[in-house]
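What follows is my_file_11.txt (compact mmCIF, C-alpha atoms).
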# COMPACT_ATOMS: atom_id res chain seq x y z
CA MET J 1 10.63 30.81 34.93
CA VAL J 2 8.93 28.52 32.43
CA GLY J 3 10.16 25.17 33.71
CA ALA J 4 6.69 24.21 34.98
CA ASP J 5 5.30 24.64 31.48
CA TRP J 6 7.95 22.53 29.76
CA PRO J 7 5.94 19.73 28.03
CA TRP J 8 8.66 17.14 27.33
CA GLN J 9 10.57 14.68 29.40
CA GLN J 10 14.10 16.10 29.41
CA PRO J 11 14.31 17.49 25.86
CA SER J 12 17.83 17.61 24.49
CA VAL J 13 19.65 20.44 22.73
CA LEU J 14 22.96 20.33 20.91
CA LEU J 15 24.82 23.65 21.05
CA ILE J 16 27.32 24.21 18.23
CA GLU J 17 29.40 27.20 19.33
CA ASP J 18 33.15 27.80 19.15
CA ASP J 19 33.22 30.70 21.63
CA PRO J 20 33.41 29.43 25.25
CA GLY J 21 32.00 32.73 26.54
CA ASP J 22 28.90 32.48 24.34
CA ALA J 23 28.54 28.81 25.30
CA LEU J 24 28.58 29.77 28.98
CA LEU J 25 25.83 32.34 28.35
CA VAL J 26 23.67 29.66 26.73
CA GLU J 27 24.23 27.35 29.70
CA GLU J 28 23.00 30.12 32.00
CA LEU J 29 19.94 30.66 29.78
CA VAL J 30 19.14 26.98 30.09
CA VAL J 31 19.38 27.10 33.87
CA ASP J 32 17.19 30.20 34.14
CA GLY J 33 14.77 29.71 31.22
CA ALA J 34 14.53 25.98 30.50
CA PRO J 35 15.37 23.89 33.58
CA GLY J 36 15.36 20.18 32.84
CA LEU J 37 16.64 20.68 29.30
CA ARG J 38 19.73 18.56 28.55
CA LEU J 39 22.46 20.56 26.82
CA ASP J 40 25.45 19.14 24.94
CA TRP J 41 28.14 21.44 23.58
CA VAL J 42 30.44 20.97 20.59
CA ARG J 43 32.76 23.54 19.00
CA SER J 44 32.51 22.73 15.27
CA LEU J 45 30.39 21.06 12.63
CA ALA J 46 32.88 18.20 12.48
CA GLU J 47 32.30 17.50 16.18
CA ALA J 48 28.54 17.95 15.63
CA ALA J 49 28.59 15.32 12.88
CA GLU J 50 30.19 12.80 15.26
CA HIS J 51 27.60 13.62 17.91
CA LEU J 52 24.66 13.35 15.50
CA ALA J 53 25.90 9.98 14.30
CA SER J 54 25.30 8.51 17.75
CA ALA J 55 22.48 10.63 19.18
CA GLU J 56 19.75 12.82 17.73
CA PRO J 57 18.74 15.83 19.84
CA ASP J 58 15.38 17.55 19.77
CA CYS J 59 16.96 20.86 18.77
CA VAL J 60 20.26 22.25 17.49
CA LEU J 61 21.42 25.70 18.61
CA LEU J 62 23.70 26.76 15.78
CA ASP J 63 26.22 29.58 15.67
CA LEU J 64 26.65 30.84 12.11
CA HIS J 65 30.37 31.63 12.50
CA LEU J 66 32.20 28.37 13.08
CA PRO J 67 35.76 27.35 12.26
CA ASP J 68 34.59 24.96 9.54
CA ALA J 69 31.40 26.65 8.25
CA LYS J 70 30.06 30.16 7.78
CA GLY J 71 26.54 31.51 7.44
CA LEU J 72 23.88 29.48 5.69
CA GLU J 73 26.39 26.78 4.81
CA ALA J 74 26.21 25.67 8.44
CA VAL J 75 22.41 25.29 8.28
CA GLU J 76 22.63 23.28 5.05
CA ARG J 77 25.26 20.93 6.44
CA ILE J 78 23.21 20.24 9.58
CA ARG J 79 20.17 19.48 7.44
CA ARG J 80 22.24 17.09 5.33
CA HIS J 81 23.19 15.21 8.50
CA THR J 82 19.57 15.04 9.69
CA ASP J 83 16.31 16.67 8.71
CA GLN J 84 14.50 15.42 11.83
CA VAL J 85 15.68 18.00 14.38
CA ALA J 86 14.67 21.60 14.96
CA ILE J 87 17.33 24.25 14.22
CA VAL J 88 17.61 27.58 16.02
CA VAL J 89 20.45 29.78 14.73
CA MET J 90 22.41 32.21 16.91
CA THR J 91 23.33 35.50 15.20
CA GLY J 92 25.10 38.71 16.14
CA LEU J 93 23.41 42.06 16.67
CA ASP J 94 24.13 43.13 13.09
CA GLN J 95 23.04 39.84 11.46
CA GLU J 96 19.26 39.72 11.80
CA GLN J 97 18.89 39.48 8.02
CA THR J 98 21.13 36.43 8.08
CA GLY J 99 18.89 34.95 10.76
CA LEU J 100 15.82 35.52 8.60
CA ALA J 101 17.63 33.94 5.64
CA ALA J 102 18.46 30.93 7.81
CA VAL J 103 14.77 30.48 8.65
CA ALA J 104 13.98 30.65 4.93
CA ALA J 105 16.66 28.00 4.37
CA GLY J 106 15.03 25.55 6.81
CA ALA J 107 15.79 26.68 10.36
CA GLN J 108 12.82 26.94 12.71
CA ASP J 109 13.86 30.22 14.42
CA TYR J 110 16.78 32.55 15.19
CA LEU J 111 18.01 34.31 18.31
CA VAL J 112 20.21 37.41 18.49
CA LYS J 113 23.12 37.06 20.90
CA GLY J 114 23.03 39.59 23.69
CA ARG J 115 19.32 40.23 23.33
CA VAL J 116 17.91 36.95 24.61
CA GLU J 117 16.10 36.80 27.93
CA PRO J 118 15.78 33.42 29.69
CA GLU J 119 12.03 33.22 29.18
CA LEU J 120 12.37 34.13 25.49
CA PHE J 121 15.10 31.51 25.11
CA GLY J 122 12.99 28.74 26.64
CA ARG J 123 9.96 29.69 24.58
CA ALA J 124 11.98 29.88 21.32
CA VAL J 125 13.47 26.42 21.82
CA ARG J 126 10.13 24.95 22.85
CA TYR J 127 8.28 26.43 19.87
CA ALA J 128 11.04 25.41 17.46
CA ILE J 129 10.68 21.79 18.56
CA GLN J 130 6.91 22.00 18.25
CA ARG J 131 7.15 23.51 14.76
CA LYS J 132 9.52 20.74 13.67
CA GLN J 133 7.16 18.12 15.03
CA ALA J 134 4.31 19.79 13.14
CA GLU J 135 6.40 19.72 9.95
CA ARG J 136 7.09 16.02 10.37
CA THR J 137 3.43 15.31 11.05
CA SER J 138 2.44 17.28 7.95
CA ALA J 139 5.03 15.43 5.86
CA ALA J 140 3.76 12.07 7.17
CA LEU J 141 0.18 13.07 6.36
CA GLN J 142 1.18 14.10 2.86
CA ALA J 143 2.99 10.79 2.37
CA SER J 144 -0.11 8.96 3.63
CA ASN J 145 -2.29 10.89 1.17
CA MET J 146 0.11 10.05 -1.65
CA ARG J 147 -0.04 6.36 -0.71
CA ALA J 148 -3.84 6.56 -0.72
CA GLN J 149 -3.78 8.16 -4.17
CA GLU J 150 -1.34 5.50 -5.39
CA ASN J 151 -3.62 2.82 -3.97
CA ALA J 152 -6.54 4.35 -5.87
CA ARG J 153 -4.55 4.35 -9.11
CA LEU J 154 -3.47 0.75 -8.57
CA GLU J 155 -7.03 -0.25 -7.71
CA ARG J 156 -8.30 1.22 -10.98
CA GLY J 157 -5.62 -0.79 -12.79
CA LEU J 158 -6.18 -4.06 -10.93
CA LEU J 159 -9.95 -3.91 -10.43
CA PRO J 160 -11.42 -2.11 -13.45
CA THR J 161 -14.98 -1.46 -14.51
CA PRO J 162 -16.13 -4.33 -16.77
CA LEU J 163 -16.23 -3.51 -20.48
CA LEU J 164 -19.66 -4.67 -21.65
CA ARG J 165 -20.50 -4.12 -25.31
CA GLY J 166 -23.87 -4.89 -26.80
CA GLN J 167 -26.81 -6.11 -24.75
CA ARG J 168 -25.63 -7.34 -21.35
CA VAL J 169 -25.88 -11.11 -20.97
CA VAL J 170 -24.27 -11.64 -17.56
CA ASP J 171 -24.73 -10.26 -14.08
CA ILE J 172 -21.39 -9.54 -12.43
CA VAL J 173 -20.57 -9.36 -8.74
CA ALA J 174 -17.00 -8.22 -8.08
CA ARG J 175 -15.41 -7.83 -4.65
CA TYR J 176 -11.96 -7.09 -3.26
CA ARG J 177 -10.75 -7.27 0.35
CA PRO J 178 -7.18 -6.33 1.36
CA GLY J 179 -5.29 -8.54 3.79
CA ARG J 180 -4.91 -7.25 7.34
CA ALA J 181 -1.24 -6.24 7.10
CA HIS J 182 -1.25 -4.67 3.64
CA SER J 183 -1.34 -0.91 3.27
CA LEU J 184 -0.92 -1.38 -0.44
CA LEU J 185 -2.83 -3.58 -2.82
CA GLY J 186 -1.27 -6.91 -3.65
CA GLY J 187 -1.18 -8.47 -7.08
CA ASP J 188 -4.77 -9.79 -7.17
CA PHE J 189 -6.61 -8.67 -10.30
CA TYR J 190 -9.73 -9.36 -12.35
CA ASP J 191 -11.45 -8.11 -15.48
CA VAL J 192 -14.53 -8.78 -17.62
CA VAL J 193 -15.03 -7.96 -21.31
CA GLN J 194 -18.20 -8.69 -23.31
CA ASP J 195 -18.03 -8.80 -27.09
CA ALA J 196 -20.74 -7.21 -29.20
CA ASP J 197 -22.08 -10.71 -30.04
CA GLY J 198 -22.62 -11.49 -26.34
CA THR J 199 -19.54 -13.65 -25.74
CA VAL J 200 -18.18 -12.85 -22.29
CA HIS J 201 -14.50 -13.03 -21.36
CA ALA J 202 -13.38 -12.97 -17.74
CA VAL J 203 -10.10 -13.39 -15.88
CA ILE J 204 -8.97 -13.53 -12.30
CA GLY J 205 -5.34 -13.72 -11.24
CA ASP J 206 -2.97 -13.45 -8.32
CA VAL J 207 0.66 -12.36 -8.52
CA SER J 208 2.72 -13.88 -5.71
CA GLY J 209 3.80 -11.47 -2.99
CA HIS J 210 2.63 -8.02 -1.92
CA GLY J 211 3.81 -4.50 -2.53
CA PRO J 212 4.14 -1.99 -5.35
CA ASP J 213 6.16 -4.29 -7.63
CA GLU J 214 3.61 -7.09 -7.42
CA ALA J 215 0.71 -4.66 -7.83
CA ALA J 216 2.36 -3.12 -10.89
CA THR J 217 2.89 -6.59 -12.36
CA GLY J 218 -0.77 -7.38 -11.74
CA VAL J 219 -1.81 -4.19 -13.53
CA ALA J 220 0.43 -5.10 -16.49
CA LEU J 221 -1.09 -8.58 -16.73
CA ARG J 222 -4.64 -7.27 -16.45
CA LEU J 223 -4.07 -4.67 -19.17
CA ALA J 224 -2.34 -7.25 -21.37
CA TRP J 225 -5.26 -9.65 -20.93
CA ARG J 226 -7.81 -7.02 -21.96
CA THR J 227 -5.69 -6.06 -24.97
CA LEU J 228 -5.43 -9.70 -26.03
CA VAL J 229 -9.18 -10.21 -25.67
CA LEU J 230 -9.95 -7.13 -27.74
CA SER J 231 -7.49 -8.41 -30.34
CA GLY J 232 -9.29 -11.77 -30.52
CA VAL J 233 -6.58 -13.80 -28.77
CA THR J 234 -8.01 -16.54 -26.51
CA GLY J 235 -7.15 -20.02 -25.32
CA ALA J 236 -3.70 -21.33 -24.49
CA ARG J 237 -2.04 -18.74 -26.74
CA GLN J 238 -3.47 -16.03 -24.51
CA LEU J 239 -1.82 -17.57 -21.43
CA ARG J 240 1.49 -18.01 -23.24
CA LEU J 241 1.52 -14.31 -24.14
CA LEU J 242 0.52 -13.35 -20.58
CA GLU J 243 3.45 -15.40 -19.32
CA GLN J 244 5.78 -13.44 -21.60
CA VAL J 245 4.43 -10.23 -20.07
CA LEU J 246 5.01 -11.62 -16.57
CA LEU J 247 8.60 -12.57 -17.40
CA ALA J 248 9.25 -9.09 -18.73
CA GLU J 249 7.61 -7.25 -15.81
CA ARG J 250 8.53 -9.28 -12.74
CA THR J 251 11.35 -8.07 -10.50
CA GLY J 252 12.51 -11.51 -9.37
CA LYS J 253 12.65 -15.01 -10.81
CA GLN J 254 10.60 -16.31 -7.90
CA THR J 255 7.56 -14.22 -8.89
CA PHE J 256 4.73 -16.17 -10.51
CA ALA J 257 1.04 -15.61 -11.19
CA THR J 258 -1.95 -17.91 -10.96
CA VAL J 259 -4.72 -17.26 -13.47
CA THR J 260 -8.14 -18.55 -14.41
CA SER J 261 -9.38 -17.35 -17.80
CA LEU J 262 -13.01 -17.86 -18.85
CA VAL J 263 -15.05 -17.47 -22.01
CA LEU J 264 -18.83 -17.66 -21.52
CA TYR J 265 -21.01 -18.50 -24.51
CA PRO J 266 -24.66 -17.54 -23.92
CA GLY J 267 -25.91 -19.37 -27.03
CA ASP J 268 -25.19 -22.87 -25.71
CA ARG J 269 -24.83 -21.94 -22.03
CA ARG J 270 -21.32 -23.12 -21.44
CA ALA J 271 -18.05 -21.73 -20.17
CA GLN J 272 -14.61 -22.42 -21.60
CA VAL J 273 -12.05 -22.54 -18.77
CA LEU J 274 -8.26 -22.34 -18.71
CA ARG J 275 -6.57 -22.72 -15.34
CA ALA J 276 -2.92 -21.83 -14.66
CA GLY J 277 -2.18 -22.90 -11.10
CA HIS J 278 -5.27 -21.11 -9.81
CA PRO J 279 -7.73 -22.50 -7.21
CA GLY J 280 -10.98 -24.14 -8.22
CA MET J 281 -14.36 -22.44 -8.59
CA LEU J 282 -17.78 -22.58 -6.98
CA LEU J 283 -20.72 -23.45 -9.24
CA ARG J 284 -24.16 -22.52 -7.87
CA SER J 285 -27.12 -24.11 -9.60
CA ALA J 286 -30.59 -25.47 -8.86
CA SER J 287 -29.02 -28.74 -7.71
CA GLY J 288 -26.82 -27.04 -5.11
CA LEU J 289 -23.27 -25.85 -4.65
CA THR J 290 -20.36 -27.65 -6.33
CA TRP J 291 -16.59 -27.22 -6.13
CA VAL J 292 -15.26 -27.29 -9.69
CA GLU J 293 -11.58 -27.81 -10.41
CA VAL J 294 -10.99 -28.41 -14.09
CA PRO J 295 -7.71 -29.82 -15.45
CA GLY J 296 -5.09 -27.13 -15.79
CA GLY J 297 -1.41 -26.35 -15.98
CA PRO J 298 1.22 -24.63 -13.81
CA ALA J 299 1.15 -21.01 -12.74
CA LEU J 300 2.57 -18.47 -15.15
CA GLY J 301 6.32 -18.21 -14.64
CA PHE J 302 6.84 -21.71 -13.19
CA LEU J 303 7.92 -23.37 -16.45
CA PRO J 304 8.58 -20.47 -18.84
CA GLY J 305 7.96 -21.50 -22.44
CA ARG J 306 7.28 -25.14 -21.56
CA ALA J 307 3.90 -25.14 -19.81
CA GLU J 308 0.67 -26.43 -21.35
CA TRP J 309 -2.82 -25.33 -20.37
CA PRO J 310 -5.69 -27.49 -21.61
CA VAL J 311 -9.03 -25.91 -22.48
CA HIS J 312 -12.00 -27.36 -20.60
CA ASP J 313 -15.71 -26.87 -21.38
CA LEU J 314 -18.05 -26.47 -18.43
CA GLU J 315 -21.85 -26.49 -18.62
CA LEU J 316 -23.36 -23.35 -17.15
CA PRO J 317 -27.16 -23.74 -17.16
CA LEU J 318 -29.62 -20.89 -16.89
CA GLY J 319 -30.12 -19.88 -13.28
CA SER J 320 -26.59 -20.95 -12.34
CA GLY J 321 -23.66 -18.82 -11.30
CA LEU J 322 -19.90 -19.35 -11.39
CA MET J 323 -17.72 -17.81 -8.68
CA VAL J 324 -13.95 -17.54 -9.15
CA PHE J 325 -11.65 -16.15 -6.48
CA THR J 326 -8.09 -15.86 -5.27
CA ASP J 327 -6.74 -18.18 -2.58
CA GLY J 328 -6.94 -15.57 0.15
CA LEU J 329 -10.60 -16.56 0.54
CA PHE J 330 -9.75 -19.95 2.03
CA GLU J 331 -6.15 -19.63 3.26
CA GLY J 332 -7.06 -17.61 6.35
CA TYR J 333 -7.38 -19.15 9.79
CA ALA J 334 -10.68 -20.59 11.01
CA GLY J 335 -10.92 -19.67 14.68
CA THR J 336 -8.26 -19.62 17.37
CA ASP J 337 -6.66 -23.03 16.74
CA ARG J 338 -4.49 -21.64 13.90
CA GLU J 339 -5.86 -24.13 11.39
CA ARG J 340 -6.43 -22.89 7.87
CA LEU J 341 -9.99 -22.77 6.59
CA GLY J 342 -9.04 -24.66 3.44
CA GLU J 343 -11.14 -25.57 0.42
CA GLN J 344 -13.33 -28.01 2.32
CA GLY J 345 -13.93 -25.46 5.06
CA LEU J 346 -14.86 -22.84 2.46
CA MET J 347 -17.39 -25.26 0.93
CA GLU J 348 -18.99 -25.83 4.34
CA VAL J 349 -19.26 -22.11 4.95
CA ALA J 350 -20.65 -21.48 1.46
CA ARG J 351 -23.27 -24.23 1.79
CA ALA J 352 -24.49 -22.65 5.02
CA VAL J 353 -25.21 -19.36 3.23
CA ARG J 354 -28.89 -19.36 2.24
CA ALA J 355 -28.94 -16.06 0.32
CA ALA J 356 -30.29 -16.60 -3.20
CA ASP J 357 -29.28 -13.19 -4.55
CA PRO J 358 -25.66 -13.32 -5.87
CA ASP J 359 -24.68 -10.01 -4.22
CA TRP J 360 -25.99 -11.16 -0.86
CA PHE J 361 -24.40 -14.59 -1.27
CA VAL J 362 -20.94 -13.17 -2.00
CA ASP J 363 -21.09 -10.57 0.76
CA GLU J 364 -22.40 -13.05 3.32
CA LEU J 365 -19.71 -15.58 2.35
CA ILE J 366 -16.95 -12.98 2.72
CA GLY J 367 -18.41 -11.82 6.03
CA ARG J 368 -18.47 -15.32 7.46
CA VAL J 369 -14.91 -16.07 6.31
CA GLU J 370 -13.69 -12.79 7.80
CA ALA J 371 -15.51 -13.56 11.05
CA LEU J 372 -13.78 -16.94 11.30
CA ALA J 373 -10.40 -15.33 10.66
CA GLY J 374 -11.12 -12.48 13.08
CA ALA J 375 -10.08 -14.50 16.12
CA SER J 376 -6.58 -14.76 14.59
CA GLY J 377 -6.36 -11.14 13.53
CA GLY J 378 -8.19 -11.23 10.20
CA LEU J 379 -7.42 -12.42 6.69
CA ASP J 380 -3.71 -12.75 5.95
CA ASP J 381 -3.98 -12.38 2.20
CA ASP J 382 -5.89 -10.20 -0.23
CA VAL J 383 -9.13 -11.60 -1.65
CA ALA J 384 -10.54 -10.93 -5.11
CA ILE J 385 -13.87 -12.46 -6.20
CA LEU J 386 -15.81 -12.55 -9.46
CA TYR J 387 -19.32 -14.02 -9.58
CA LEU J 388 -20.79 -14.45 -13.07
CA GLY J 389 -24.38 -15.49 -13.76
CA TRP J 390 -26.64 -15.26 -16.77
CA ASN J 391 -28.61 -12.05 -16.81
CA GLY J 392 -32.01 -12.39 -15.15
CA ASP J 393 -33.75 -10.62 -18.06
CA GLY J 394 -33.27 -13.67 -20.20
CA GLN J 395 -30.28 -12.48 -22.19
CA GLY J 396 -28.61 -15.83 -21.70
CA GLN J 397 -31.27 -17.85 -23.49
CA ASP J 398 -30.68 -19.58 -26.81
CA ARG J 399 -30.72 -17.30 -29.79
Could the structure of this file be written out as structure tokens, please?
Amino acid sequence: MVGADWPWQQPSVLLIEDDPGDALLVEELVVDGAPGLRLDWVRSLAEAAEHLASAEPDCVLLDLHLPDAKGLEAVERIRRHTDQVAIVVMTGLDQEQTGLAAVAAGAQDYLVKGRVEPELFGRAVRYAIQRKQAERTSAALQASNMRAQENARLERGLLPTPLLRGQRVVDIVARYRPGRAHSLLGGDFYDVVQDADGTVHAVIGDVSGHGPDEAATGVALRLAWRTLVLSGVTGARQLRLLEQVLLAERTGKQTFATVTSLVLYPGDRRAQVLRAGHPGMLLRSASGLTWVEVPGGPALGFLPGRAEWPVHDLELPLGSGLMVFTDGLFEGYAGTDRERLGEQGLMEVARAVRAADPDWFVDELIGRVEALAGASGGLDDDVAILYLGWNGDGQGQDR
């Protein structure tokens, strides 16, 4: 007897057999070789379909000669009903090749009627269920690997390597943190392009929502932005064209995107800013930390074809740095009282960070924000950050 070795709590088997004598033999095998196993018996695939619609067994014992199916057709029809259960086919003495073919077609094992001992029966059913579980685990792992690869592809599209031509004039710190509940990247994106003459273009954006559609829309906007920059298109016309891309790519009319687009001019140490519904920025300089929120217009997609986005010039002295980010940085909770950190809370946290180095400053700021949100389970939303400062080798000086 193998009942003491049976590893499941009352595993269930559905027997599909039209011969009452053969069904009785299987019942005896269960009693002698697999005590505790729950056995249900139906006489045809039509009855099996009704049973499977309401309950899913661990294993199906399948006769290959049924009134409404013959041979491998029976295996295929069971697999069409469900691919989550193990299948063990029952064949006659002269049909071992058919049994092997059934295993090749997706069954986990086969048994020959009249040659099955109770112990062999219990072991065959037990191993069939284990093999099916291993198959499902392997399939889940493969799906997980595919999601990881898709995430990597989306990350390359949303968070690219900056394109810096000519002598580098800015130092760039870029960071991304996924929200706690997101297995896939959201629609946060950024990019930086430096022209050969030293002019630096940067963008940060956030497509509303999370999931593959929003991530794909973010990739499309980021690629469109880089293409427009390389084609010499800047200013409000750039945002109007990005909005056209959004309208063409979005899957629902409620999808919008916030964007801040920057052009940094090293010759006169200023930044040209366009803001489309995006949060403000942090300006770090010798005089301290300042929240900067220049005049702007609505998010892309809010007022298609009717929005206006003014251009604003911002002084960016040597030794200063400009940090732009998506709203996930300040929309998380601050502690256990379920109050949002908010812009003012973010400023207080940022002012408490004493790190002078931009990399350390950004990482310490993110760490402190994540620590505050940790008591409530972590950050709800994705966070993308770009920190831009004139290069420390003096490339940002007047020419």
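For the set J:Tyr127, J:Phe302, J:Tyr176, J:Tyr333, the residue with the smallest atom-to-atom gap to Asp363 of chain J is J:Tyr176, counting only C-alpha atoms.
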Would you mind listing what lies within 9 Å of segment 354-361 of chain J as a ChimeraX atom specification, with all atoms listed in the file counted and same-chain residues fewer than 5 positions away left out?
/J:171-174,321,366,387-389
Which residues come within 12 Å of Arg340 of chain J, counting only C-alpha atoms, excluding same-chain residues fewer than 2 positions away, as a PDB file with C-alpha atoms, keeping the file's coordinate frame?
ATOM      1  CA  ASP J 327      -6.740 -18.180  -2.580  1.00  0.00           C
ATOM      2  CA  GLY J 328      -6.940 -15.570   0.150  1.00  0.00           C
ATOM      3  CA  LEU J 329     -10.600 -16.560   0.540  1.00  0.00           C
ATOM      4  CA  PHE J 330      -9.750 -19.950   2.030  1.00  0.00           C
ATOM      5  CA  GLU J 331      -6.150 -19.630   3.260  1.00  0.00           C
ATOM      6  CA  GLY J 332      -7.060 -17.610   6.350  1.00  0.00           C
ATOM      7  CA  TYR J 333      -7.380 -19.150   9.790  1.00  0.00           C
ATOM      8  CA  ALA J 334     -10.680 -20.590  11.010  1.00  0.00           C
ATOM      9  CA  GLY J 335     -10.920 -19.670  14.680  1.00  0.00           C
ATOM     10  CA  THR J 336      -8.260 -19.620  17.370  1.00  0.00           C
ATOM     11  CA  ASP J 337      -6.660 -23.030  16.740  1.00  0.00           C
ATOM     12  CA  ARG J 338      -4.490 -21.640  13.900  1.00  0.00           C
ATOM     13  CA  GLY J 342      -9.040 -24.660   3.440  1.00  0.00           C
ATOM     14  CA  GLU J 343     -11.140 -25.570   0.420  1.00  0.00           C
ATOM     15  CA  GLN J 344     -13.330 -28.010   2.320  1.00  0.00           C
ATOM     16  CA  GLY J 345     -13.930 -25.460   5.060  1.00  0.00           C
ATOM     17  CA  LEU J 346     -14.860 -22.840   2.460  1.00  0.00           C
ATOM     18  CA  VAL J 369     -14.910 -16.070   6.310  1.00  0.00           C
ATOM     19  CA  LEU J 372     -13.780 -16.940  11.300  1.00  0.00           C
ATOM     20  CA  ALA J 373     -10.400 -15.330  10.660  1.00  0.00           C
ATOM     21  CA  SER J 376      -6.580 -14.760  14.590  1.00  0.00           C
ATOM     22  CA  LEU J 379      -7.420 -12.420   6.690  1.00  0.00           C
ATOM     23  CA  ASP J 380      -3.710 -12.750   5.950  1.00  0.00           C
TER      24      ASP J 380
END
Excluding same-chain residues fewer than 2 positions from segment 41-56 of chain J, what lies within 8 Å of it counting only C-alpha atoms, as a ChimeraX atom specification?
/J:14-19,23,39,58,66-69,74,78,81-82,85
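Between Arg115 of chain J and the candidates J:Val169, J:Val26, J:Leu230, J:Leu37, the tightest atom-to-atom separation, counting only C-alpha atoms, involves J:Val26.
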Mind checking which residues fall within 10 Å of Leu164 of chain J, counting only C-alpha atoms, ignoring those fewer than 6 positions away in the same chain, and posting them as JSON, numbers by chain?
{"J": [170, 192, 193, 194, 195, 196, 198, 199, 200, 201]}
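The interatomic distance for the pair atom CA of Pro304 of chain J and atom CA of Gly252 of chain J works out to 13.6 Å.
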Quick check, in Å to one decimal: how far apart do atom CA of Pro118 of chain J and atom CA of Ala105 of chain J lie?
25.9 Å
Please write out, as AutoDock Vina command-line options, where the centre of an axis-aligned box around all listed atoms of segment 372-385 of chain J lies and how long its edges are, in Å to one decimal, after adding 5 Å on each side.
--center_x -8.8 --center_y -13.6 --center_z 5.0 --size_x 20.2 --size_y 16.7 --size_z 32.3
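Nearest residue to Gly301 of chain J, choosing from J:Glu249, J:Arg269, J:Leu282, J:Thr326 and counting only C-alpha atoms: J:Glu249.
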